[in-house]
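Structure, as structure tokens:
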Amino acid sequence: MGLRTKEQFLESLRDGREVYIFGERVEDVTTHPVLKVTAETVAQDFAITELDDQEVRNLFVLPHPETGEPMSRYFQTPKTTEDLKKRKEMISRSILLTGGLPFGKDIGTDALNAAMVVAQQMNKPEYGERTKNYLEYLIRNDWTLSGAITDTKGDRSKTPADQAHPDYYLHVVDRNKDGIVVKGCKMHITAAPCCNDILVLPTRNMRENEADYAVSFATPSNAKGIKFICRPSRGERSPNEYPSSLPIRDLNEAMIVFDDVFVPWERVFMCGEWAYAILLAYTFATFHRFTAVCYHIPIVENLAGCAVAMAEMNGIANEEHVKDKLINIASSVEIIKALAQAATLSPVMHGEIAVPSPLITNMAKLHYARGYHEVIKMVQDISGGIISTLPTYRDWENPETRPYMEHYLGGNSKYTTEERLRMVAHTHRWVASAESAHQEMITVHAEGSMETQKMMIMVEAPFKDYRNLALMAAGVEIKD
Ligand SMILES: Cc1cc2nc3c(=O)[nH]c(=O)nc-3n(C[C@H](O)[C@H](O)[C@H](O)COP(=O)(O)OP(=O)(O)OC[C@H]3O[C@@H](n4cnc5c(N)ncnc54)[C@H](O)[C@@H]3O)c2cc1C
């Protein structure tokens, strides 16, 4: 089939999938007032590959290594530093081109890349074959897929087998010559109601008595027994909101219930290999945190831009305390960019597959998760209270109130009052709205809580080398 158009993608979502939001079943996610924003956001991946711009096309599309047919770069299994750099550039650029992260292929291919790495290690050639065949299927159909890793987990102090009931972690409940039947629920799955397939991985290590929980597979989103129960994400821009040159972009999260779902063997990538569950979760985390760092770059650059623009518009750009805050914001942003670049330069090779440096990737994710709220606080401080008290755009348009707003709400005369208010509204959206609170949550928890990054840094950092250096300097013998 080759690359799809945006319309072909949207049409493919009208497939009878079972989606719920606000207490109702959704007939068509592409026309639902809230979910259509996610559908449109994911569809931007296809809008980009339809663009005529050759430079953009070279970044997002490449020839299939065997057939030469054009395919999405998301489906390129990274083998070199250059491949990782291109993936980084593509993810960051997709936000700049469309106003939001499309996310129909990002996390899913992170999950598939991890499944391919672990398939090599399990010493069962069928898993290698199946992951490769699945990748070809995705390429052929230019398919989108969500990545469903996080289980609902129940009591966090207990492992899957020790929970009050067996379903807090997704598991195999039956198997036969054709495939397996799975039951459970994956939680917080981004863009899932508007993706074609779901790729499932285990979320943690498993013990021998938890082999049924060590399961990875792909399934169509409309398979029998799959139900999406969605969070109330935002819909289209309301008439109360100030206009912007960019459309509203958002990605809905859903809990996905797997109510005895059948999966044929050709789509099963792990089933019972409990000792490898942690490797799969760990490798996925590295791939996905790298993706997250890449998409975070334009987000924090925009935040820095809000700080600079609001300082200028409020006439405080040359104040020492403001310069100090801008320096801190710029440092925070540029460290993320430098770490993202560094992660591509020292990949860990698993056979032919290049995994971004796990140490640097986790440092980058931890750095921005720790620092994001601080940046938000500095933007809030510089911008002033108006970012949360600005009257609505309807009041700006009302001839009875607009003259007062025009007269009283100006700032630096280089900008009109309306320009200042548009900037205030944009800054509100990023640092003082329900959406910005959600973005803060994404920063803390999506791609794993900060403790999980620390765990990986603990494993990956060269502590022994540090110690040996110090021992040598102190003239103490190294004893191992
Ligand atoms: C907006 C958003 C989008 C997301 N998108 C996706 C997605 O597309 N796909 C996907 O699979 N997941 C997704 N996630 C899930 C995300 O990966 C999890 O939220 C994250 O891993 C934390 O898990 P949790 O929410 O269950 O929190 P918890 O694991 O309950 O964490 C809460 C706190 O408890 C601590 N904690 C938990 N267990 C233990 C323990 N045993 N010992 C000590 N401390 C512990 C944690 O460190 C943390 O401090 C998303 C999350 C968000 C918020």
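In the structure tokens, each chain is lettered A, B, ... as it comes, each chain's residues begin at 1, and ligands are numbered from 1 in order of appearance.
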Hey, what's within 6 Å of stretch 35-52 of chain A if we count only C-alpha atoms and toss same-chain stuff fewer than 4 positions away? As a JSON list (two decimals) with N, CA and C atoms, in the first residue's frame, please?
[["chain", "number", "residue", "atom", "x", "y", "z"],
["A", 5, "THR", "N", -2.68, 8.64, 2.94],
["A", 5, "THR", "CA", -3.05, 10.04, 3.07],
["A", 5, "THR", "C", -3.71, 10.23, 4.43],
["A", 6, "LYS", "N", -3.85, 11.50, 4.81],
["A", 6, "LYS", "CA", -4.51, 11.82, 6.08],
["A", 6, "LYS", "C", -5.94, 11.27, 6.07],
["A", 29, "VAL", "N", -14.68, 8.21, 16.33],
["A", 29, "VAL", "CA", -13.71, 9.07, 17.04],
["A", 29, "VAL", "C", -13.30, 10.28, 16.20],
["A", 30, "THR", "N", -13.45, 10.19, 14.90],
["A", 30, "THR", "CA", -12.98, 11.30, 14.04],
["A", 30, "THR", "C", -13.96, 12.47, 14.01],
["A", 31, "THR", "N", -15.19, 12.24, 14.50],
["A", 31, "THR", "CA", -16.17, 13.34, 14.52],
["A", 31, "THR", "C", -16.59, 13.71, 15.93],
["A", 102, "PRO", "N", 2.28, 14.26, 16.78],
["A", 102, "PRO", "CA", 1.28, 13.32, 16.21],
["A", 102, "PRO", "C", 1.13, 12.02, 17.02],
["A", 103, "PHE", "N", 2.20, 11.37, 17.45],
["A", 103, "PHE", "CA", 2.20, 10.25, 18.39],
["A", 103, "PHE", "C", 1.46, 9.00, 17.93],
["A", 104, "GLY", "N", 1.29, 8.83, 16.64],
["A", 104, "GLY", "CA", 0.65, 7.60, 16.16],
["A", 104, "GLY", "C", 1.65, 6.49, 15.89],
["A", 194, "CYS", "N", -7.24, 6.48, 19.01],
["A", 194, "CYS", "CA", -7.11, 6.94, 17.62],
["A", 194, "CYS", "C", -5.90, 6.33, 16.92],
["A", 249, "ARG", "N", -3.99, 21.20, 19.44],
["A", 249, "ARG", "CA", -3.55, 19.80, 19.34],
["A", 249, "ARG", "C", -3.63, 19.20, 20.74],
["A", 250, "ASP", "N", -4.04, 17.96, 20.83],
["A", 250, "ASP", "CA", -4.07, 17.27, 22.12],
["A", 250, "ASP", "C", -4.08, 15.77, 21.87],
["A", 251, "LEU", "N", -3.65, 15.02, 22.86],
["A", 251, "LEU", "CA", -3.65, 13.56, 22.75],
["A", 251, "LEU", "C", -4.40, 13.00, 23.94]]
(message) Write out as a VMD selection string the set of residues from stretch 226-300 of chain A that DSSP, computed on the backbone, places in strand (DSSP E).
(response) chain A and resid 226 to 230 253 to 264 268 to 271
Selected residues written out with N, CA and C atoms, as a compact mmCIF listing (two decimals), in the first residue's frame:
# COMPACT_ATOMS: atom_id res chain seq x y z
N ILE A 226 -11.84 -5.58 23.30
CA ILE A 226 -11.04 -4.39 23.67
C ILE A 226 -11.96 -3.20 23.84
N LYS A 227 -11.81 -2.53 24.99
CA LYS A 227 -12.65 -1.36 25.30
C LYS A 227 -11.74 -0.22 25.75
N PHE A 228 -11.94 0.95 25.16
CA PHE A 228 -11.18 2.15 25.56
C PHE A 228 -12.08 3.02 26.43
N ILE A 229 -11.62 3.35 27.63
CA ILE A 229 -12.38 4.29 28.48
C ILE A 229 -11.47 5.51 28.65
N CYS A 230 -11.91 6.64 28.09
CA CYS A 230 -11.00 7.78 27.88
C CYS A 230 -11.10 8.84 28.96
N GLU A 253 -5.65 10.20 26.60
CA GLU A 253 -5.21 8.92 27.19
C GLU A 253 -6.43 8.07 27.51
N ALA A 254 -6.27 6.76 27.44
CA ALA A 254 -7.39 5.87 27.76
C ALA A 254 -6.90 4.70 28.59
N MET A 255 -7.81 4.19 29.44
CA MET A 255 -7.55 2.86 29.97
C MET A 255 -8.07 1.87 28.93
N ILE A 256 -7.28 0.84 28.67
CA ILE A 256 -7.70 -0.14 27.67
C ILE A 256 -7.99 -1.45 28.40
N VAL A 257 -9.25 -1.86 28.34
CA VAL A 257 -9.64 -3.12 28.97
C VAL A 257 -9.50 -4.23 27.92
N PHE A 258 -8.83 -5.30 28.33
CA PHE A 258 -8.70 -6.50 27.47
C PHE A 258 -9.56 -7.57 28.11
N ASP A 259 -10.77 -7.72 27.58
CA ASP A 259 -11.74 -8.62 28.19
C ASP A 259 -11.72 -9.94 27.43
N ASP A 260 -10.78 -10.81 27.80
CA ASP A 260 -10.59 -12.09 27.09
C ASP A 260 -10.40 -11.87 25.59
N VAL A 261 -9.32 -11.22 25.27
CA VAL A 261 -9.02 -10.89 23.86
C VAL A 261 -8.15 -11.99 23.25
N PHE A 262 -8.54 -12.45 22.08
CA PHE A 262 -7.77 -13.48 21.37
C PHE A 262 -6.67 -12.82 20.54
N VAL A 263 -5.45 -13.39 20.63
CA VAL A 263 -4.33 -12.88 19.82
C VAL A 263 -3.70 -14.07 19.10
N PRO A 264 -3.65 -14.04 17.77
CA PRO A 264 -3.04 -15.17 17.05
C PRO A 264 -1.53 -15.22 17.29
N VAL A 268 2.26 -12.66 18.60
CA VAL A 268 2.75 -12.81 19.99
C VAL A 268 4.28 -12.74 19.98
N PHE A 269 4.84 -11.82 20.79
CA PHE A 269 6.29 -11.57 20.77
C PHE A 269 6.99 -12.02 22.06
N MET A 270 6.21 -12.36 23.06
CA MET A 270 6.74 -12.97 24.29
C MET A 270 5.57 -13.66 24.94
N CYS A 271 5.79 -14.86 25.43
CA CYS A 271 4.69 -15.56 26.11
C CYS A 271 5.29 -16.56 27.09
(message) At a cut-off of 6 Å, using only C-alpha atoms, what residues contact A:Arg140? Leave out same-chain residues fewer than 2 positions from it and give the result as an MDAnalysis selection string.
(response) chainID A and resid 1:2 136:138 142
Could you build a table of the residues in chain A lying no more than 8 Å from ligand 1, giving for each the nearest pair of atoms and their separation in Å rounded to one decimal place, using only C-alpha atoms and all ligand atoms, ordered by chain and ascending residue number, as JSON lines?
{"residue": "A:Ile107", "atom": "CA", "partner": "ligand 1", "partner_atom_place_in_ligand_line": "8 (O)", "distance": 6.7}
{"residue": "A:Ser146", "atom": "CA", "partner": "ligand 1", "partner_atom_place_in_ligand_line": "8 (O)", "distance": 6.6}
{"residue": "A:Gly147", "atom": "CA", "partner": "ligand 1", "partner_atom_place_in_ligand_line": "9 (N)", "distance": 5.2}
{"residue": "A:Ala148", "atom": "CA", "partner": "ligand 1", "partner_atom_place_in_ligand_line": "11 (O)", "distance": 4.1}
{"residue": "A:Ile149", "atom": "CA", "partner": "ligand 1", "partner_atom_place_in_ligand_line": "11 (O)", "distance": 3.4}
{"residue": "A:Thr150", "atom": "CA", "partner": "ligand 1", "partner_atom_place_in_ligand_line": "11 (O)", "distance": 3.9}
{"residue": "A:Asp151", "atom": "CA", "partner": "ligand 1", "partner_atom_place_in_ligand_line": "26 (O)", "distance": 7.0}
{"residue": "A:Thr152", "atom": "CA", "partner": "ligand 1", "partner_atom_place_in_ligand_line": "26 (O)", "distance": 6.2}
{"residue": "A:Lys153", "atom": "CA", "partner": "ligand 1", "partner_atom_place_in_ligand_line": "26 (O)", "distance": 6.4}
{"residue": "A:Arg156", "atom": "CA", "partner": "ligand 1", "partner_atom_place_in_ligand_line": "38 (N)", "distance": 4.7}
{"residue": "A:Ser157", "atom": "CA", "partner": "ligand 1", "partner_atom_place_in_ligand_line": "41 (N)", "distance": 5.0}
{"residue": "A:Lys158", "atom": "CA", "partner": "ligand 1", "partner_atom_place_in_ligand_line": "41 (N)", "distance": 7.3}
{"residue": "A:Lys186", "atom": "CA", "partner": "ligand 1", "partner_atom_place_in_ligand_line": "11 (O)", "distance": 6.9}
{"residue": "A:Met187", "atom": "CA", "partner": "ligand 1", "partner_atom_place_in_ligand_line": "12 (N)", "distance": 6.4}
{"residue": "A:His188", "atom": "CA", "partner": "ligand 1", "partner_atom_place_in_ligand_line": "50 (C)", "distance": 4.7}
{"residue": "A:Ile189", "atom": "CA", "partner": "ligand 1", "partner_atom_place_in_ligand_line": "8 (O)", "distance": 3.8}
{"residue": "A:Thr190", "atom": "CA", "partner": "ligand 1", "partner_atom_place_in_ligand_line": "8 (O)", "distance": 3.8}
{"residue": "A:Ala191", "atom": "CA", "partner": "ligand 1", "partner_atom_place_in_ligand_line": "8 (O)", "distance": 7.1}
{"residue": "A:Ala192", "atom": "CA", "partner": "ligand 1", "partner_atom_place_in_ligand_line": "8 (O)", "distance": 7.5}
{"residue": "A:Thr203", "atom": "CA", "partner": "ligand 1", "partner_atom_place_in_ligand_line": "11 (O)", "distance": 7.5}
{"residue": "A:Glu253", "atom": "CA", "partner": "ligand 1", "partner_atom_place_in_ligand_line": "3 (C)", "distance": 6.3}
{"residue": "A:His438", "atom": "CA", "partner": "ligand 1", "partner_atom_place_in_ligand_line": "1 (C)", "distance": 6.6}
{"residue": "A:Gln439", "atom": "CA", "partner": "ligand 1", "partner_atom_place_in_ligand_line": "1 (C)", "distance": 7.1}
{"residue": "A:Met441", "atom": "CA", "partner": "ligand 1", "partner_atom_place_in_ligand_line": "53 (C)", "distance": 5.3}
{"residue": "A:Ile442", "atom": "CA", "partner": "ligand 1", "partner_atom_place_in_ligand_line": "1 (C)", "distance": 4.2}
{"residue": "A:Thr443", "atom": "CA", "partner": "ligand 1", "partner_atom_place_in_ligand_line": "53 (C)", "distance": 7.7}
{"residue": "A:Val444", "atom": "CA", "partner": "ligand 1", "partner_atom_place_in_ligand_line": "53 (C)", "distance": 7.3}
{"residue": "A:His445", "atom": "CA", "partner": "ligand 1", "partner_atom_place_in_ligand_line": "19 (O)", "distance": 4.6}
{"residue": "A:Ala446", "atom": "CA", "partner": "ligand 1", "partner_atom_place_in_ligand_line": "51 (C)", "distance": 3.8}
{"residue": "A:Glu447", "atom": "CA", "partner": "ligand 1", "partner_atom_place_in_ligand_line": "17 (O)", "distance": 4.5}
{"residue": "A:Gly448", "atom": "CA", "partner": "ligand 1", "partner_atom_place_in_ligand_line": "21 (O)", "distance": 3.5}
{"residue": "A:Ser449", "atom": "CA", "partner": "ligand 1", "partner_atom_place_in_ligand_line": "22 (C)", "distance": 5.0}
{"residue": "A:Met450", "atom": "CA", "partner": "ligand 1", "partner_atom_place_in_ligand_line": "47 (O)", "distance": 6.5}
{"residue": "A:Glu451", "atom": "CA", "partner": "ligand 1", "partner_atom_place_in_ligand_line": "47 (O)", "distance": 4.8}
{"residue": "A:Thr452", "atom": "CA", "partner": "ligand 1", "partner_atom_place_in_ligand_line": "47 (O)", "distance": 6.5}
Save out the residues we just selected, N, CA and C atoms, as a tab-separated table (two decimals), in the first residue's frame.
chain	number	residue	atom	x	y	z
A	107	ILE	N	5.58	5.95	20.20
A	107	ILE	CA	5.72	5.00	21.31
A	107	ILE	C	5.59	3.56	20.81
A	146	SER	N	-0.43	2.33	19.22
A	146	SER	CA	-0.13	2.85	20.55
A	146	SER	C	0.77	1.85	21.26
A	147	GLY	N	1.41	2.30	22.33
A	147	GLY	CA	2.27	1.41	23.12
A	147	GLY	C	1.64	1.26	24.49
A	148	ALA	N	1.19	0.04	24.81
A	148	ALA	CA	0.47	-0.19	26.07
A	148	ALA	C	1.36	-1.01	27.00
A	149	ILE	N	1.99	-0.33	27.92
A	149	ILE	CA	2.95	-0.98	28.81
A	149	ILE	C	2.43	-0.95	30.25
A	150	THR	N	1.95	0.22	30.71
A	150	THR	CA	1.62	0.39	32.12
A	150	THR	C	0.36	-0.36	32.51
A	151	ASP	N	0.49	-1.24	33.50
A	151	ASP	CA	-0.68	-1.93	34.04
A	151	ASP	C	-1.30	-1.08	35.14
A	152	THR	N	-2.47	-1.49	35.62
A	152	THR	CA	-3.12	-0.70	36.68
A	152	THR	C	-2.43	-0.95	38.03
A	153	LYS	N	-1.82	-2.10	38.21
A	153	LYS	CA	-0.84	-2.42	39.27
A	153	LYS	C	-1.38	-2.64	40.68
A	156	ARG	N	0.97	-1.38	45.07
A	156	ARG	CA	2.34	-1.28	44.52
A	156	ARG	C	3.37	-2.07	45.34
A	157	SER	N	3.03	-2.43	46.57
A	157	SER	CA	4.01	-3.17	47.36
A	157	SER	C	3.97	-4.67	47.03
A	158	LYS	N	3.02	-5.06	46.18
A	158	LYS	CA	2.87	-6.49	45.87
A	158	LYS	C	3.20	-6.77	44.40
A	186	LYS	N	-4.60	-2.05	30.53
A	186	LYS	CA	-3.45	-1.15	30.46
A	186	LYS	C	-3.97	0.26	30.66
A	187	MET	N	-3.20	1.07	31.40
A	187	MET	CA	-3.70	2.36	31.90
A	187	MET	C	-2.92	3.52	31.30
A	188	HIS	N	-3.57	4.64	31.10
A	188	HIS	CA	-2.97	5.93	30.66
A	188	HIS	C	-2.44	5.86	29.22
A	189	ILE	N	-3.02	5.09	28.34
A	189	ILE	CA	-2.35	4.85	27.05
A	189	ILE	C	-2.64	5.99	26.05
A	190	THR	N	-1.59	6.71	25.73
A	190	THR	CA	-1.72	7.94	24.94
A	190	THR	C	-2.10	7.64	23.49
A	191	ALA	N	-3.07	8.40	23.01
A	191	ALA	CA	-3.52	8.37	21.61
A	191	ALA	C	-4.19	7.04	21.22
A	192	ALA	N	-4.30	6.12	22.18
A	192	ALA	CA	-4.76	4.77	21.85
A	192	ALA	C	-6.12	4.73	21.15
A	203	THR	N	5.24	-4.47	32.01
A	203	THR	CA	5.69	-3.20	32.57
A	203	THR	C	6.81	-3.36	33.59
A	253	GLU	N	-5.65	10.20	26.60
A	253	GLU	CA	-5.21	8.92	27.19
A	253	GLU	C	-6.43	8.07	27.51
A	438	HIS	N	-1.79	19.22	33.05
A	438	HIS	CA	-1.66	17.88	32.46
A	438	HIS	C	-0.23	17.70	31.91
A	439	GLN	N	0.28	18.75	31.29
A	439	GLN	CA	1.65	18.67	30.75
A	439	GLN	C	2.65	18.45	31.88
A	441	MET	N	2.04	16.81	34.58
A	441	MET	CA	1.90	15.38	34.93
A	441	MET	C	2.62	14.49	33.92
A	442	ILE	N	2.51	14.88	32.64
A	442	ILE	CA	3.23	14.12	31.62
A	442	ILE	C	4.72	14.10	31.97
A	443	THR	N	5.22	15.29	32.35
A	443	THR	CA	6.65	15.41	32.63
A	443	THR	C	7.06	14.53	33.81
A	444	VAL	N	6.22	14.48	34.83
A	444	VAL	CA	6.57	13.69	36.02
A	444	VAL	C	6.41	12.19	35.76
A	445	HIS	N	5.27	11.80	35.16
A	445	HIS	CA	4.96	10.37	35.13
A	445	HIS	C	5.06	9.67	33.78
A	446	ALA	N	4.69	10.37	32.69
A	446	ALA	CA	4.76	9.65	31.41
A	446	ALA	C	6.22	9.25	31.21
A	447	GLU	N	6.44	8.13	30.58
A	447	GLU	CA	7.78	7.52	30.41
A	447	GLU	C	8.39	7.07	31.74
A	448	GLY	N	7.55	6.94	32.77
A	448	GLY	CA	8.04	6.39	34.04
A	448	GLY	C	8.32	7.47	35.08
A	449	SER	N	8.06	7.16	36.33
A	449	SER	CA	8.30	8.13	37.40
A	449	SER	C	9.80	8.37	37.55
A	450	MET	N	10.16	9.47	38.21
A	450	MET	CA	11.58	9.85	38.32
A	450	MET	C	12.42	8.77	39.00
A	451	GLU	N	11.78	8.04	39.93
A	451	GLU	CA	12.54	6.98	40.63
A	451	GLU	C	12.99	5.92	39.63
A	452	THR	N	12.22	5.68	38.59
A	452	THR	CA	12.63	4.64	37.63
A	452	THR	C	13.85	5.10	36.83
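Proximity to A:Gly99 at 9 Å, evaluated using only C-alpha atoms and with sequence-adjacent residues fewer than 3 positions away removed, yields Thr41, Ser94, Ile95, Leu96, Leu246, Pro247, Ile248 and Arg249 of chain A.
With only C-alpha atoms as the basis for measurement, A:Ala285 is the residue among A:Ala474, A:Ala340, A:Ala285, A:Met378 that approaches A:Ala111 most closely.
Counting only C-alpha atoms, the residue from A:Ala277, A:Leu390, A:Val172, A:Val333 that sits nearest to A:Asn240 is A:Leu390.
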(request) Return the single residue from A:Glu7, A:Glu418, A:Asp15, A:Asp212 that is closest to A:Trp274, with distances computed using only C-alpha atoms. (result)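 Under the stated criterion, the closest residue is A:Asp212.
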Can you check which parts of stretch 75-184 of chain A lie within 9 Å of stretch 59-67 of chain A? Per residue, the shortest pair of atoms and distance in Å to one decimal, counting only C-alpha atoms, sorted by chain and number, as a tab-separated table.
residue	atom	partner	partner_atom	distance
A:Gln76	CA	A:Leu62	CA	8.4
A:Lys86	CA	A:Leu59	CA	6.9
A:Arg87	CA	A:Leu59	CA	8.5
A:Glu89	CA	A:Leu59	CA	7.9
A:Met90	CA	A:Leu59	CA	6.2
A:Ser94	CA	A:Phe60	CA	8.9
A:Ile139	CA	A:His64	CA	8.5
(request) Excluding A:Val300 and any residue of its chain fewer than 6 positions from it, enumerate the residues within 12 Å of it, using only C-alpha atoms, and give them as a PyMOL selection string. (result) chain A and resi 92+95+293-294+306-307+329-337+368-369+371-376+379+430-431+439-440+443
Pull N, CA and C atoms from the residues just selected and write them as a compact mmCIF listing (two decimals), in the first residue's frame.
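Produced file result_1.txt, reproduced below:
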# COMPACT_ATOMS: atom_id res chain seq x y z
N SER A 92 11.18 16.04 16.95
CA SER A 92 11.13 17.47 17.33
C SER A 92 10.46 18.28 16.22
N ILE A 95 6.52 18.49 15.78
CA ILE A 95 5.78 19.45 16.61
C ILE A 95 5.85 20.84 15.97
N VAL A 293 12.48 12.79 25.30
CA VAL A 293 13.42 13.91 25.37
C VAL A 293 13.34 14.71 24.06
N CYS A 294 13.24 13.97 22.93
CA CYS A 294 13.17 14.64 21.62
C CYS A 294 11.92 15.51 21.53
N CYS A 306 8.00 32.00 25.76
CA CYS A 306 6.96 32.72 26.52
C CYS A 306 7.62 33.65 27.53
N ALA A 307 8.66 33.14 28.20
CA ALA A 307 9.34 33.96 29.22
C ALA A 307 9.98 35.18 28.58
N ILE A 329 16.44 29.47 32.72
CA ILE A 329 15.55 28.79 31.76
C ILE A 329 16.37 28.31 30.56
N ALA A 330 17.20 29.20 30.02
CA ALA A 330 18.00 28.82 28.84
C ALA A 330 18.92 27.65 29.17
N SER A 331 19.52 27.67 30.35
CA SER A 331 20.43 26.56 30.72
C SER A 331 19.66 25.25 30.76
N SER A 332 18.47 25.31 31.36
CA SER A 332 17.67 24.10 31.48
C SER A 332 17.32 23.54 30.09
N VAL A 333 16.93 24.43 29.18
CA VAL A 333 16.55 24.00 27.82
C VAL A 333 17.76 23.43 27.08
N GLU A 334 18.88 24.15 27.17
CA GLU A 334 20.04 23.73 26.37
C GLU A 334 20.67 22.45 26.91
N ILE A 335 20.55 22.20 28.22
CA ILE A 335 21.06 20.92 28.76
C ILE A 335 20.25 19.76 28.17
N ILE A 336 18.93 19.94 28.06
CA ILE A 336 18.11 18.87 27.46
C ILE A 336 18.57 18.60 26.03
N LYS A 337 18.78 19.70 25.29
CA LYS A 337 19.19 19.52 23.88
C LYS A 337 20.55 18.82 23.78
N TYR A 368 14.83 16.87 32.85
CA TYR A 368 13.69 17.74 32.53
C TYR A 368 12.50 17.49 33.45
N ALA A 369 12.38 16.23 33.94
CA ALA A 369 11.26 15.97 34.87
C ALA A 369 11.47 16.74 36.18
N GLY A 371 13.26 19.54 36.46
CA GLY A 371 13.37 20.99 36.27
C GLY A 371 12.14 21.66 35.68
N TYR A 372 11.20 20.85 35.15
CA TYR A 372 10.09 21.45 34.39
C TYR A 372 9.26 22.42 35.23
N HIS A 373 8.91 21.99 36.44
CA HIS A 373 8.06 22.85 37.28
C HIS A 373 8.77 24.14 37.66
N GLU A 374 10.10 24.05 37.80
CA GLU A 374 10.89 25.26 38.11
C GLU A 374 10.80 26.24 36.95
N VAL A 375 10.89 25.70 35.73
CA VAL A 375 10.80 26.57 34.55
C VAL A 375 9.41 27.22 34.51
N ILE A 376 8.38 26.40 34.75
CA ILE A 376 7.00 26.92 34.76
C ILE A 376 6.90 28.07 35.78
N VAL A 379 8.42 31.22 34.46
CA VAL A 379 7.59 31.86 33.42
C VAL A 379 6.39 32.54 34.09
N TRP A 430 0.10 27.49 28.45
CA TRP A 430 1.27 26.65 28.74
C TRP A 430 1.67 26.60 30.20
N VAL A 431 1.26 27.60 31.00
CA VAL A 431 1.73 27.56 32.39
C VAL A 431 0.66 27.76 33.44
N GLN A 439 0.28 18.75 31.29
CA GLN A 439 1.65 18.67 30.75
C GLN A 439 2.65 18.45 31.88
N GLU A 440 2.40 19.07 33.04
CA GLU A 440 3.29 18.84 34.18
C GLU A 440 3.24 17.38 34.61
N THR A 443 5.22 15.29 32.35
CA THR A 443 6.65 15.41 32.63
C THR A 443 7.06 14.53 33.81
